[in-house]
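Visitor: Structure incoming, see below.
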Amino acid sequence: MSKIKIAELFYSIQGEGRYMGVPSIFLRTFGCNFRCAGFGMPRGELSTEADELAAVHELYPYPKYESLPLVTTGCDSYASWHPDFKHLSPMLESDAIAERIMEILPHSRWRDEHLVITGGEPLLGWQRAYPDLLNHPKMQGLKEITFETNGTQKLTEEFKNYLDHYIDESYGREVTFSVSAKLPASGEKWEEAICPEIVCEYENYGTAYLKFVVATEQDIADAECAVGAYRAAGFQGHIYLMPVGGVESVYTLNAKNVALAAMKRGWRYSDRLQLPLFSNAWGT
Ligand code: SF4
């Protein structure tokens, strides 16, 4: 039976993108190919918050994932990839994951809830384990899945074959790729973060859309440039702008401006409902 290293598994409301407001199970896998230390920092500077927390953790270990402090800069999911917190994410078999999902679904079975497989970066090596999980008898009532990805990971041949089968043979099942492509404000390099050919291929296996986290005019200009590159490669999906902000004060400052910028370009606006509703706490 396949295993997945799980940083978090919880039930909440999807706060972002296409399924905003939909009750959802979140399965957060461990591991990411990026660090996104530029978020919330002056351009060109990188956050050291995650590393500072790791240094504290070495001296005074936080007992569990949920007891780790939230950060105001850098990746707000840092504990889902930082090697110093790896031991707080257990490796679970599909059976245990499916059981746990039944425990936290309000009716102990799938009804209108959707599954969000997020990270970290969920399309790293875990692609090999998803068929086993999605084929589990307890997952048969599931109709909608979103992979929240940074759009840099190719789908493997095995997983593409599986997705073909999964969508074709099960009427009503829908797969979505919510691609949060990283702009320079994240601190990641453009040539590594903007991968149009990879994202275009996702459209063959479900609905894909792009979601850009922006705070400044420069970020919005970068998003326009990126959209040009994706469109030139043939990308058909919707474009969303979403305000930056792991903390509510930052988010509140720029949410309206981001909404206006999206309207001006005929793009969609995505909120981050986990902030006003739950202050971005772990497990939300
Ligand atoms: S890609 Fe996502 S999970 Fe990975 S470091 Fe960036 S924001 Fe965090």
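Lettering and numbering for the structure tokens are positional, with chains as A, B, ... in the shown order, residues counted from 1 in each chain, and ligands counted from 1 in the shown order.
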List all protein, DNA and RNA residues that have any atom at most 10 Å from ligand 1, counting only C-alpha atoms and all ligand atoms, and write the list as a PDB file with N, CA and C atoms, in the first residue's frame.

Guide:
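Output saved as out.pdb:
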ATOM      1  N   ARG A  28      -2.387  18.066   3.072  1.00  0.00           N
ATOM      2  CA  ARG A  28      -1.166  18.833   2.772  1.00  0.00           C
ATOM      3  C   ARG A  28       0.032  17.888   2.821  1.00  0.00           C
ATOM      4  N   THR A  29       0.640  17.675   1.648  1.00  0.00           N
ATOM      5  CA  THR A  29       1.792  16.774   1.579  1.00  0.00           C
ATOM      6  C   THR A  29       3.059  17.505   2.021  1.00  0.00           C
ATOM      7  N   PHE A  30       4.037  16.735   2.438  1.00  0.00           N
ATOM      8  CA  PHE A  30       5.306  17.335   2.850  1.00  0.00           C
ATOM      9  C   PHE A  30       6.260  17.422   1.657  1.00  0.00           C
ATOM     10  N   GLY A  31       7.008  18.544   1.603  1.00  0.00           N
ATOM     11  CA  GLY A  31       8.065  18.697   0.597  1.00  0.00           C
ATOM     12  C   GLY A  31       7.727  19.740  -0.442  1.00  0.00           C
ATOM     13  N   CYS A  32       8.707  20.564  -0.785  1.00  0.00           N
ATOM     14  CA  CYS A  32       8.521  21.558  -1.854  1.00  0.00           C
ATOM     15  C   CYS A  32       9.868  21.804  -2.527  1.00  0.00           C
ATOM     16  N   ASN A  33       9.823  22.122  -3.818  1.00  0.00           N
ATOM     17  CA  ASN A  33      11.045  22.448  -4.548  1.00  0.00           C
ATOM     18  C   ASN A  33      11.412  23.922  -4.406  1.00  0.00           C
ATOM     19  N   PHE A  34      10.544  24.733  -3.774  1.00  0.00           N
ATOM     20  CA  PHE A  34      10.820  26.158  -3.562  1.00  0.00           C
ATOM     21  C   PHE A  34      10.847  26.486  -2.079  1.00  0.00           C
ATOM     22  N   ARG A  35      11.191  27.751  -1.768  1.00  0.00           N
ATOM     23  CA  ARG A  35      11.109  28.271  -0.393  1.00  0.00           C
ATOM     24  C   ARG A  35      10.259  29.540  -0.340  1.00  0.00           C
ATOM     25  N   CYS A  36      10.179  30.251  -1.432  1.00  0.00           N
ATOM     26  CA  CYS A  36       9.367  31.481  -1.532  1.00  0.00           C
ATOM     27  C   CYS A  36       9.646  32.432  -0.361  1.00  0.00           C
ATOM     28  N   ALA A  37      10.893  32.666  -0.084  1.00  0.00           N
ATOM     29  CA  ALA A  37      11.285  33.511   1.050  1.00  0.00           C
ATOM     30  C   ALA A  37      11.113  34.998   0.762  1.00  0.00           C
ATOM     31  N   GLY A  38      10.728  35.337  -0.470  1.00  0.00           N
ATOM     32  CA  GLY A  38      10.565  36.761  -0.800  1.00  0.00           C
ATOM     33  C   GLY A  38       9.213  37.341  -0.415  1.00  0.00           C
ATOM     34  N   PHE A  39       8.216  36.489  -0.132  1.00  0.00           N
ATOM     35  CA  PHE A  39       6.876  37.012   0.163  1.00  0.00           C
ATOM     36  C   PHE A  39       6.895  37.920   1.394  1.00  0.00           C
ATOM     37  N   GLY A  74       7.721  35.333   3.976  1.00  0.00           N
ATOM     38  CA  GLY A  74       8.099  34.045   3.400  1.00  0.00           C
ATOM     39  C   GLY A  74       6.878  33.152   3.212  1.00  0.00           C
ATOM     40  N   CYS A  75       7.111  31.871   3.024  1.00  0.00           N
ATOM     41  CA  CYS A  75       6.029  30.903   2.780  1.00  0.00           C
ATOM     42  C   CYS A  75       5.250  30.661   4.070  1.00  0.00           C
ATOM     43  N   ASP A  76       3.921  30.831   4.013  1.00  0.00           N
ATOM     44  CA  ASP A  76       3.136  30.629   5.244  1.00  0.00           C
ATOM     45  C   ASP A  76       2.942  29.143   5.559  1.00  0.00           C
ATOM     46  N   SER A  77       3.358  28.259   4.645  1.00  0.00           N
ATOM     47  CA  SER A  77       3.292  26.807   4.904  1.00  0.00           C
ATOM     48  C   SER A  77       4.697  26.235   5.128  1.00  0.00           C
ATOM     49  N   TYR A  78       5.569  27.028   5.704  1.00  0.00           N
ATOM     50  CA  TYR A  78       6.988  26.637   5.787  1.00  0.00           C
ATOM     51  C   TYR A  78       7.207  25.277   6.440  1.00  0.00           C
ATOM     52  N   ALA A  79       6.347  24.923   7.390  1.00  0.00           N
ATOM     53  CA  ALA A  79       6.566  23.657   8.107  1.00  0.00           C
ATOM     54  C   ALA A  79       6.254  22.451   7.235  1.00  0.00           C
ATOM     55  N   SER A  80       5.654  22.702   6.046  1.00  0.00           N
ATOM     56  CA  SER A  80       5.344  21.588   5.156  1.00  0.00           C
ATOM     57  C   SER A  80       6.503  21.280   4.208  1.00  0.00           C
ATOM     58  N   TRP A  81       7.609  21.994   4.333  1.00  0.00           N
ATOM     59  CA  TRP A  81       8.779  21.647   3.506  1.00  0.00           C
ATOM     60  C   TRP A  81      10.114  21.825   4.223  1.00  0.00           C
ATOM     61  N   HIS A  82      10.143  22.627   5.303  1.00  0.00           N
ATOM     62  CA  HIS A  82      11.431  22.901   5.941  1.00  0.00           C
ATOM     63  C   HIS A  82      11.979  21.600   6.555  1.00  0.00           C
ATOM     64  N   THR A 118      -2.740  19.613  -1.415  1.00  0.00           N
ATOM     65  CA  THR A 118      -1.932  20.818  -1.437  1.00  0.00           C
ATOM     66  C   THR A 118      -0.565  20.530  -0.835  1.00  0.00           C
ATOM     67  N   GLY A 119       0.199  21.574  -0.583  1.00  0.00           N
ATOM     68  CA  GLY A 119       1.527  21.319  -0.027  1.00  0.00           C
ATOM     69  C   GLY A 119       2.043  22.518   0.749  1.00  0.00           C
ATOM     70  N   GLY A 120       3.343  22.639   0.786  1.00  0.00           N
ATOM     71  CA  GLY A 120       4.362  22.025  -0.079  1.00  0.00           C
ATOM     72  C   GLY A 120       3.949  22.007  -1.553  1.00  0.00           C
ATOM     73  N   GLU A 121       4.613  21.142  -2.287  1.00  0.00           N
ATOM     74  CA  GLU A 121       4.293  20.956  -3.702  1.00  0.00           C
ATOM     75  C   GLU A 121       3.783  19.520  -3.876  1.00  0.00           C
ATOM     76  N   PRO A 122       2.474  19.371  -4.076  1.00  0.00           N
ATOM     77  CA  PRO A 122       1.894  18.024  -4.076  1.00  0.00           C
ATOM     78  C   PRO A 122       2.193  17.191  -5.320  1.00  0.00           C
ATOM     79  N   GLU A 148      -3.371  21.787  -5.662  1.00  0.00           N
ATOM     80  CA  GLU A 148      -2.831  23.146  -5.546  1.00  0.00           C
ATOM     81  C   GLU A 148      -1.320  23.056  -5.748  1.00  0.00           C
ATOM     82  N   THR A 149      -0.895  23.475  -6.932  1.00  0.00           N
ATOM     83  CA  THR A 149       0.498  23.254  -7.333  1.00  0.00           C
ATOM     84  C   THR A 149       1.178  24.571  -7.694  1.00  0.00           C
ATOM     85  N   ASN A 150       2.508  24.582  -7.665  1.00  0.00           N
ATOM     86  CA  ASN A 150       3.220  25.779  -8.136  1.00  0.00           C
ATOM     87  C   ASN A 150       3.480  25.714  -9.640  1.00  0.00           C
ATOM     88  N   GLY A 151       3.045  24.650 -10.286  1.00  0.00           N
ATOM     89  CA  GLY A 151       3.091  24.601 -11.757  1.00  0.00           C
ATOM     90  C   GLY A 151       4.465  24.337 -12.334  1.00  0.00           C
ATOM     91  N   THR A 152       5.335  23.700 -11.573  1.00  0.00           N
ATOM     92  CA  THR A 152       6.683  23.419 -12.085  1.00  0.00           C
ATOM     93  C   THR A 152       6.926  21.928 -12.298  1.00  0.00           C
ATOM     94  N   VAL A 179      -3.060  26.502 -10.176  1.00  0.00           N
ATOM     95  CA  VAL A 179      -1.614  26.720 -10.348  1.00  0.00           C
ATOM     96  C   VAL A 179      -1.223  28.088  -9.795  1.00  0.00           C
ATOM     97  N   SER A 180      -0.547  28.079  -8.668  1.00  0.00           N
ATOM     98  CA  SER A 180      -0.064  29.324  -8.086  1.00  0.00           C
ATOM     99  C   SER A 180       1.375  29.524  -8.557  1.00  0.00           C
ATOM    100  N   ALA A 181       1.497  30.074  -9.766  1.00  0.00           N
ATOM    101  CA  ALA A 181       2.826  30.272 -10.351  1.00  0.00           C
ATOM    102  C   ALA A 181       3.541  31.392  -9.594  1.00  0.00           C
ATOM    103  N   LYS A 182       4.795  31.187  -9.300  1.00  0.00           N
ATOM    104  CA  LYS A 182       5.521  32.127  -8.441  1.00  0.00           C
ATOM    105  C   LYS A 182       6.205  33.228  -9.242  1.00  0.00           C
ATOM    106  N   SER A 186       8.232  36.340  -5.023  1.00  0.00           N
ATOM    107  CA  SER A 186       8.356  35.159  -4.148  1.00  0.00           C
ATOM    108  C   SER A 186       9.809  34.894  -3.780  1.00  0.00           C
ATOM    109  N   GLY A 187      10.726  35.487  -4.577  1.00  0.00           N
ATOM    110  CA  GLY A 187      12.143  35.200  -4.354  1.00  0.00           C
ATOM    111  C   GLY A 187      12.647  34.053  -5.228  1.00  0.00           C
ATOM    112  N   GLU A 188      11.742  33.418  -5.974  1.00  0.00           N
ATOM    113  CA  GLU A 188      12.164  32.326  -6.862  1.00  0.00           C
ATOM    114  C   GLU A 188      12.528  32.878  -8.242  1.00  0.00           C
ATOM    115  N   ALA A 193      10.375  29.164 -12.191  1.00  0.00           N
ATOM    116  CA  ALA A 193       9.014  29.237 -11.639  1.00  0.00           C
ATOM    117  C   ALA A 193       7.929  29.334 -12.722  1.00  0.00           C
ATOM    118  N   VAL A 213      -0.194  35.639  -6.789  1.00  0.00           N
ATOM    119  CA  VAL A 213      -0.207  36.387  -5.530  1.00  0.00           C
ATOM    120  C   VAL A 213       0.521  37.703  -5.772  1.00  0.00           C
TER     121      VAL A 213
END

Visitor: Would you write out, as JSON lines, a table of all residues in stretch 134-236 of chain A that have an atom no more than 9 Å from an atom of stretch 96-113 of chain A, listing for each the closest atom pair and the distance in Å to one decimal, considering only C-alpha atoms and ordering rows by chain and rising residue number?

Guide:
{"residue": "A:Leu134", "atom": "CA", "partner": "A:Ala98", "partner_atom": "CA", "distance": 8.9}
{"residue": "A:His136", "atom": "CA", "partner": "A:Ala98", "partner_atom": "CA", "distance": 7.2}
{"residue": "A:Pro137", "atom": "CA", "partner": "A:Ala98", "partner_atom": "CA", "distance": 8.6}
{"residue": "A:Lys138", "atom": "CA", "partner": "A:Ala98", "partner_atom": "CA", "distance": 6.1}
{"residue": "A:Met139", "atom": "CA", "partner": "A:Ala98", "partner_atom": "CA", "distance": 6.8}
{"residue": "A:Gln140", "atom": "CA", "partner": "A:Trp110", "partner_atom": "CA", "distance": 8.1}
{"residue": "A:Gly141", "atom": "CA", "partner": "A:Trp110", "partner_atom": "CA", "distance": 5.1}
{"residue": "A:Leu142", "atom": "CA", "partner": "A:Trp110", "partner_atom": "CA", "distance": 5.6}
{"residue": "A:Lys143", "atom": "CA", "partner": "A:Asp112", "partner_atom": "CA", "distance": 8.2}
{"residue": "A:Glu144", "atom": "CA", "partner": "A:Glu113", "partner_atom": "CA", "distance": 7.9}

Visitor: With N, CA and C atoms retained, export the selected residues as a CSV table (one decimal), in the first residue's frame.

Guide:
chain,number,residue,atom,x,y,z
A,134,LEU,N,-6.9,7.4,-4.2
A,134,LEU,CA,-8.2,7.7,-4.8
A,134,LEU,C,-9.0,6.4,-5.2
A,136,HIS,N,-9.2,3.9,-3.2
A,136,HIS,CA,-9.6,3.3,-1.9
A,136,HIS,C,-11.2,3.3,-1.8
A,137,PRO,N,-11.8,2.2,-1.3
A,137,PRO,CA,-13.2,2.2,-1.3
A,137,PRO,C,-13.9,3.4,-0.6
A,138,LYS,N,-13.2,3.9,0.4
A,138,LYS,CA,-13.8,5.0,1.2
A,138,LYS,C,-13.7,6.3,0.4
A,139,MET,N,-13.0,6.3,-0.7
A,139,MET,CA,-12.9,7.6,-1.5
A,139,MET,C,-13.8,7.6,-2.7
A,140,GLN,N,-14.7,6.5,-2.8
A,140,GLN,CA,-15.5,6.4,-4.0
A,140,GLN,C,-16.5,7.5,-4.2
A,141,GLY,N,-17.0,8.1,-3.1
A,141,GLY,CA,-18.0,9.1,-3.2
A,141,GLY,C,-17.5,10.5,-3.6
A,142,LEU,N,-16.2,10.6,-3.7
A,142,LEU,CA,-15.5,11.8,-3.9
A,142,LEU,C,-15.7,12.2,-5.4
A,143,LYS,N,-16.2,13.5,-5.6
A,143,LYS,CA,-16.4,13.9,-7.0
A,143,LYS,C,-15.5,15.0,-7.5
A,144,GLU,N,-14.9,15.8,-6.6
A,144,GLU,CA,-14.1,16.9,-7.1
A,144,GLU,C,-12.8,17.0,-6.3

Visitor: Counting only C-alpha atoms, figure out which residue out of A:Tyr205, A:Phe278, A:Tyr269, A:Tyr166 gets nearest to A:Glu16.

Guide: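 Closest candidate: A:Tyr269.
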
Visitor: Give the strand (DSSP E) residues of stretch 109-279 of chain A, as assigned by DSSP on the backbone, as a VMD selection string.

Guide: chain A and resid 114 to 118 144 to 149 174 to 179 207 to 214 239 to 243 268 to 269

Visitor: Export, as a compact mmCIF listing (two decimals), in the first residue's frame, the selected residues with N, CA, C and O atoms.

Guide:
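File produced: part-v9.txt:
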# COMPACT_ATOMS: atom_id res chain seq x y z
N HIS A 114 -15.26 18.70 -1.26
CA HIS A 114 -14.25 18.47 -2.29
C HIS A 114 -12.90 18.24 -1.61
O HIS A 114 -12.72 18.58 -0.44
N LEU A 115 -11.99 17.58 -2.33
CA LEU A 115 -10.68 17.24 -1.77
C LEU A 115 -9.64 18.18 -2.36
O LEU A 115 -9.55 18.32 -3.59
N VAL A 116 -8.85 18.79 -1.50
CA VAL A 116 -7.76 19.66 -1.94
C VAL A 116 -6.45 18.96 -1.58
O VAL A 116 -6.20 18.71 -0.39
N ILE A 117 -5.67 18.63 -2.58
CA ILE A 117 -4.35 18.06 -2.32
C ILE A 117 -3.35 19.19 -2.52
O ILE A 117 -3.21 19.73 -3.62
N THR A 118 -2.74 19.61 -1.42
CA THR A 118 -1.93 20.82 -1.44
C THR A 118 -0.56 20.53 -0.84
O THR A 118 -0.20 19.38 -0.60
N GLU A 144 -14.91 15.76 -6.63
CA GLU A 144 -14.10 16.89 -7.09
C GLU A 144 -12.77 16.95 -6.34
O GLU A 144 -12.76 16.92 -5.10
N ILE A 145 -11.70 17.06 -7.09
CA ILE A 145 -10.36 17.14 -6.50
C ILE A 145 -9.63 18.35 -7.08
O ILE A 145 -9.69 18.59 -8.29
N THR A 146 -8.95 19.07 -6.22
CA THR A 146 -8.05 20.12 -6.71
C THR A 146 -6.63 19.81 -6.26
O THR A 146 -6.40 19.49 -5.09
N PHE A 147 -5.70 19.90 -7.20
CA PHE A 147 -4.28 19.89 -6.85
C PHE A 147 -3.82 21.34 -6.82
O PHE A 147 -3.91 22.05 -7.83
N GLU A 148 -3.37 21.79 -5.66
CA GLU A 148 -2.83 23.15 -5.55
C GLU A 148 -1.32 23.06 -5.75
O GLU A 148 -0.58 22.63 -4.85
N THR A 149 -0.90 23.47 -6.93
CA THR A 149 0.50 23.25 -7.33
C THR A 149 1.18 24.57 -7.69
O THR A 149 0.50 25.55 -8.03
N GLU A 174 -14.37 15.39 -11.26
CA GLU A 174 -13.71 16.55 -11.85
C GLU A 174 -12.36 16.79 -11.17
O GLU A 174 -12.28 16.78 -9.95
N VAL A 175 -11.35 17.00 -11.98
CA VAL A 175 -10.00 17.29 -11.47
C VAL A 175 -9.64 18.71 -11.85
O VAL A 175 -9.85 19.13 -13.00
N THR A 176 -9.13 19.46 -10.89
CA THR A 176 -8.72 20.85 -11.13
C THR A 176 -7.27 21.02 -10.72
O THR A 176 -6.84 20.48 -9.70
N PHE A 177 -6.53 21.78 -11.52
CA PHE A 177 -5.17 22.16 -11.15
C PHE A 177 -5.20 23.66 -10.87
O PHE A 177 -5.40 24.47 -11.78
N SER A 178 -5.05 24.00 -9.60
CA SER A 178 -4.98 25.41 -9.21
C SER A 178 -3.50 25.76 -9.17
O SER A 178 -2.78 25.34 -8.25
N VAL A 179 -3.06 26.50 -10.18
CA VAL A 179 -1.61 26.72 -10.35
C VAL A 179 -1.22 28.09 -9.79
O VAL A 179 -1.56 29.12 -10.37
N THR A 207 -9.33 20.74 -15.38
CA THR A 207 -9.43 22.19 -15.54
C THR A 207 -8.23 22.81 -14.84
O THR A 207 -7.95 22.47 -13.69
N ALA A 208 -7.53 23.70 -15.54
CA ALA A 208 -6.38 24.36 -14.91
C ALA A 208 -6.62 25.87 -14.92
O ALA A 208 -7.20 26.41 -15.86
N TYR A 209 -6.23 26.51 -13.86
CA TYR A 209 -6.23 27.98 -13.86
C TYR A 209 -4.98 28.49 -13.17
O TYR A 209 -4.35 27.75 -12.38
N LEU A 210 -4.64 29.74 -13.46
CA LEU A 210 -3.45 30.37 -12.87
C LEU A 210 -3.87 31.36 -11.79
O LEU A 210 -4.84 32.11 -11.98
N LYS A 211 -3.14 31.38 -10.71
CA LYS A 211 -3.47 32.25 -9.59
C LYS A 211 -2.17 32.95 -9.17
O LYS A 211 -1.22 32.28 -8.75
N PHE A 212 -2.15 34.26 -9.32
CA PHE A 212 -0.93 35.01 -8.99
C PHE A 212 -1.12 35.79 -7.70
O PHE A 212 -2.10 36.55 -7.57
N VAL A 213 -0.19 35.64 -6.79
CA VAL A 213 -0.21 36.39 -5.53
C VAL A 213 0.52 37.70 -5.77
O VAL A 213 1.69 37.70 -6.17
N VAL A 214 -0.18 38.81 -5.56
CA VAL A 214 0.41 40.12 -5.87
C VAL A 214 0.18 41.11 -4.73
O VAL A 214 -0.79 41.02 -3.98
N ILE A 239 -7.50 33.30 -15.30
CA ILE A 239 -6.42 33.95 -14.55
C ILE A 239 -7.03 34.58 -13.30
O ILE A 239 -8.05 35.29 -13.40
N TYR A 240 -6.42 34.34 -12.16
CA TYR A 240 -6.85 34.96 -10.91
C TYR A 240 -5.71 35.80 -10.34
O TYR A 240 -4.54 35.41 -10.42
N LEU A 241 -6.09 36.93 -9.75
CA LEU A 241 -5.14 37.67 -8.90
C LEU A 241 -5.60 37.47 -7.46
O LEU A 241 -6.80 37.54 -7.16
N MET A 242 -4.64 37.31 -6.56
CA MET A 242 -4.96 37.09 -5.15
C MET A 242 -4.03 37.95 -4.30
O MET A 242 -2.83 38.01 -4.56
N PRO A 243 -4.57 38.63 -3.28
CA PRO A 243 -3.70 39.48 -2.46
C PRO A 243 -2.70 38.66 -1.66
O PRO A 243 -3.01 37.55 -1.22
N ARG A 268 -10.01 37.23 -12.89
CA ARG A 268 -10.80 36.93 -11.69
C ARG A 268 -10.04 37.35 -10.44
O ARG A 268 -8.80 37.36 -10.42
N TYR A 269 -10.80 37.63 -9.41
CA TYR A 269 -10.21 37.95 -8.11
C TYR A 269 -10.40 36.75 -7.20
O TYR A 269 -11.49 36.17 -7.14

Visitor: Could you tell me how far atom CA of A:Glu201 lies from atom CA of A:Leu155, in Å and to one decimal?

Guide: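 For atom CA of A:Glu201 relative to atom CA of A:Leu155, the distance reads 8.1 Å.
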
Visitor: Grab the atom CA of A:Leu27 to atom CA of A:Ser12 distance for me, in Å with one decimal place.

Guide: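 Between atom CA of A:Leu27 and atom CA of A:Ser12 the gap works out to 10.9 Å.
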